[in-house]
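First the structure, in the form of structure tokens, and then the observations on it.
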Amino acid sequence: MRGRIVETEAYPPGDASGHAFRGQTARNRSLFLGTGFAYVYFIYGTSYMLNVTAEEPGIGAGVLLRAFEPLEGIEQMERYRKTSKLLDLARGPGRLATALQIDQRLDGVDLCTDGPLWLGTSVGNTALVGTSVRIGISQEVGRLLRFFEIGNPFISGPKALSRK
DNA sequence: AAGAAGATTCGCT
DNA sequence: GCGAATCTTCTTA
């Protein structure tokens with residue numbers, strides 16, 4: 001399966017809304033591995049979330065992947081998601097993880113080498129990138145750390161947050 | 001040991 | 001738009 005990442009949120013060092021804020025624990029240890037690893041966790045009893053770690057080893061920080069534009073393996077994603085609506089396959093962080101069948105087994109995987117999950121290079125023409133506040137958090141609410149491709153239909157969240 | 005909150009989704013109105 | 005589902009982790013006693 002393959003696709004384009006079209007929406008992300010940053011959780012930088014020292015951010016009170018980030019899982020690394022209170023230091024390393026059994027759950028968030030992958031966040032401290034260094035740049036380019038997967039941090040996968042389970043939340044709300046229903047959803048897995050995928051982050052890409054984003055700092056040097058020992059510093060906890062990551063980027064949440066919130067939406068994905070499916071390009072290849074769409075039939076497989078439809079099976080995992082139990083829907084055939086293309087726009088709903090990976091629109092939202094929990095859906096993205098479900099579509100790619102991502103769970104705790106992929107926690108800590110190196111995304112920059114060959115393996116079950118990896119990051120490729122940019123595909124196609126990238127439109128302008130907009131910013132907004134992050135979705136679903138209650139700390140550091142005002143920071144403009146959500147990023148999305150303007151106009152892309154595969155983006156999650158309220159429409160008002162995806163205009164610019 | 002118990003309780004609350006959480007980087008959400010789905011179904012129903 | 002609203003509330004339930006569902007479970008892990010951290011906080012507080």
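Here, A, B, ... name the chains of the structure tokens in the order displayed, residue numbers run from 1 inside each chain, and ligands are numbered from 1 in the same displayed order.
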Counting only C-alpha atoms (C1' of nucleotides), chain B residues within 9 Å of chain A, as a tab-separated table (two decimals) with C-alpha atoms (C1' of nucleotides), in the first residue's frame:
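Once written, part12.tsv looks like this:
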chain	number	residue	atom	x	y	z
B	6	DG	C1'	-7.27	10.98	26.25
B	7	DA	C1'	-3.37	13.61	19.51
B	8	DT	C1'	-10.95	9.34	17.81
B	9	DT	C1'	-14.57	7.07	15.25
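Here the DSSP assignment of alpha helix (DSSP H), based on backbone atoms, applies within chain A to Ile74, Glu75, Gln76, Met77, Glu78, Arg79, Tyr80, Arg81, Pro93, Gly94, Arg95, Leu96, Ala97, Thr98 and Ala99 of chain A.
Computed from the coordinates, the atom C1' of C:DT11 to atom CA of A:Arg146 distance equals 28.9 Å.
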DSSP on the backbone: what in chain A comes out strand (DSSP E or B), as an MDAnalysis selection string?
-> chainID A and resid 2:11 37:43 47:53 62:72 91 110 129:132 146:149
Rows by chain and residue number, chain C within 10 Å of chain A, shortest pair, only C-alpha atoms (C1' of nucleotides), as JSON lines:
{"residue": "C:DA5", "atom": "C1'", "partner": "A:Gly45", "partner_atom": "CA", "distance": 7.5}
{"residue": "C:DT6", "atom": "C1'", "partner": "A:Gly45", "partner_atom": "CA", "distance": 3.9}
{"residue": "C:DC7", "atom": "C1'", "partner": "A:Gly45", "partner_atom": "CA", "distance": 4.3}
{"residue": "C:DT8", "atom": "C1'", "partner": "A:Ile43", "partner_atom": "CA", "distance": 7.1}
{"residue": "C:DT9", "atom": "C1'", "partner": "A:Arg27", "partner_atom": "CA", "distance": 7.8}
{"residue": "C:DC10", "atom": "C1'", "partner": "A:Arg22", "partner_atom": "CA", "distance": 9.9}
For those residues, write N, CA, C and O atoms (P, O5', C5', C4', C3', O3' and C1' of nucleotides) to a file as a short mmCIF file (atom, residue, chain, number, x, y, z; two decimals), in the first residue's frame.
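The result, stored in result.cif:
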data_model
loop_
_atom_site.label_atom_id
_atom_site.label_comp_id
_atom_site.auth_asym_id
_atom_site.auth_seq_id
_atom_site.Cartn_x
_atom_site.Cartn_y
_atom_site.Cartn_z
P DA C 5 -22.12 2.12 25.20
"O5'" DA C 5 -20.85 1.76 24.31
"C5'" DA C 5 -21.01 1.60 22.91
"C4'" DA C 5 -19.65 1.39 22.29
"C3'" DA C 5 -18.71 0.52 23.14
"O3'" DA C 5 -18.04 -0.39 22.32
"C1'" DA C 5 -17.68 2.59 22.67
P DT C 6 -17.56 -1.77 22.92
"O5'" DT C 6 -16.06 -1.40 23.36
"C5'" DT C 6 -15.11 -1.08 22.36
"C4'" DT C 6 -13.83 -0.60 23.05
"C3'" DT C 6 -13.49 -1.43 24.30
"O3'" DT C 6 -12.10 -1.69 24.30
"C1'" DT C 6 -13.53 0.85 24.83
P DC C 7 -11.63 -3.06 25.05
"O5'" DC C 7 -10.16 -2.66 25.54
"C5'" DC C 7 -9.25 -2.05 24.63
"C4'" DC C 7 -8.30 -1.17 25.41
"C3'" DC C 7 -7.99 -1.70 26.81
"O3'" DC C 7 -6.68 -1.33 27.16
"C1'" DC C 7 -8.76 0.46 26.98
P DT C 8 -5.54 -2.44 27.13
"O5'" DT C 8 -4.20 -1.56 27.00
"C5'" DT C 8 -4.15 -0.54 26.01
"C4'" DT C 8 -3.61 0.74 26.60
"C3'" DT C 8 -2.64 0.52 27.77
"O3'" DT C 8 -1.43 1.18 27.44
"C1'" DT C 8 -4.28 2.16 28.33
P DT C 9 -0.18 1.01 28.41
"O5'" DT C 9 -0.13 2.43 29.13
"C5'" DT C 9 -0.30 3.59 28.33
"C4'" DT C 9 -0.41 4.80 29.22
"C3'" DT C 9 0.54 4.78 30.42
"O3'" DT C 9 1.27 5.98 30.44
"C1'" DT C 9 -1.69 5.20 31.13
P DC C 10 2.43 6.23 31.51
"O5'" DC C 10 1.77 7.34 32.42
"C5'" DC C 10 1.16 8.48 31.80
"C4'" DC C 10 0.35 9.25 32.82
"C3'" DC C 10 1.11 9.55 34.11
"O3'" DC C 10 0.85 10.89 34.50
"C1'" DC C 10 -0.89 8.38 34.59
#
If we count only C-alpha atoms (C1' of nucleotides), what is near B:DC12 at a cut-off of 12 Å, once residues fewer than 6 positions away on the same chain are taken out, given as a PyMOL selection string?
-> chain C and resi 1-4
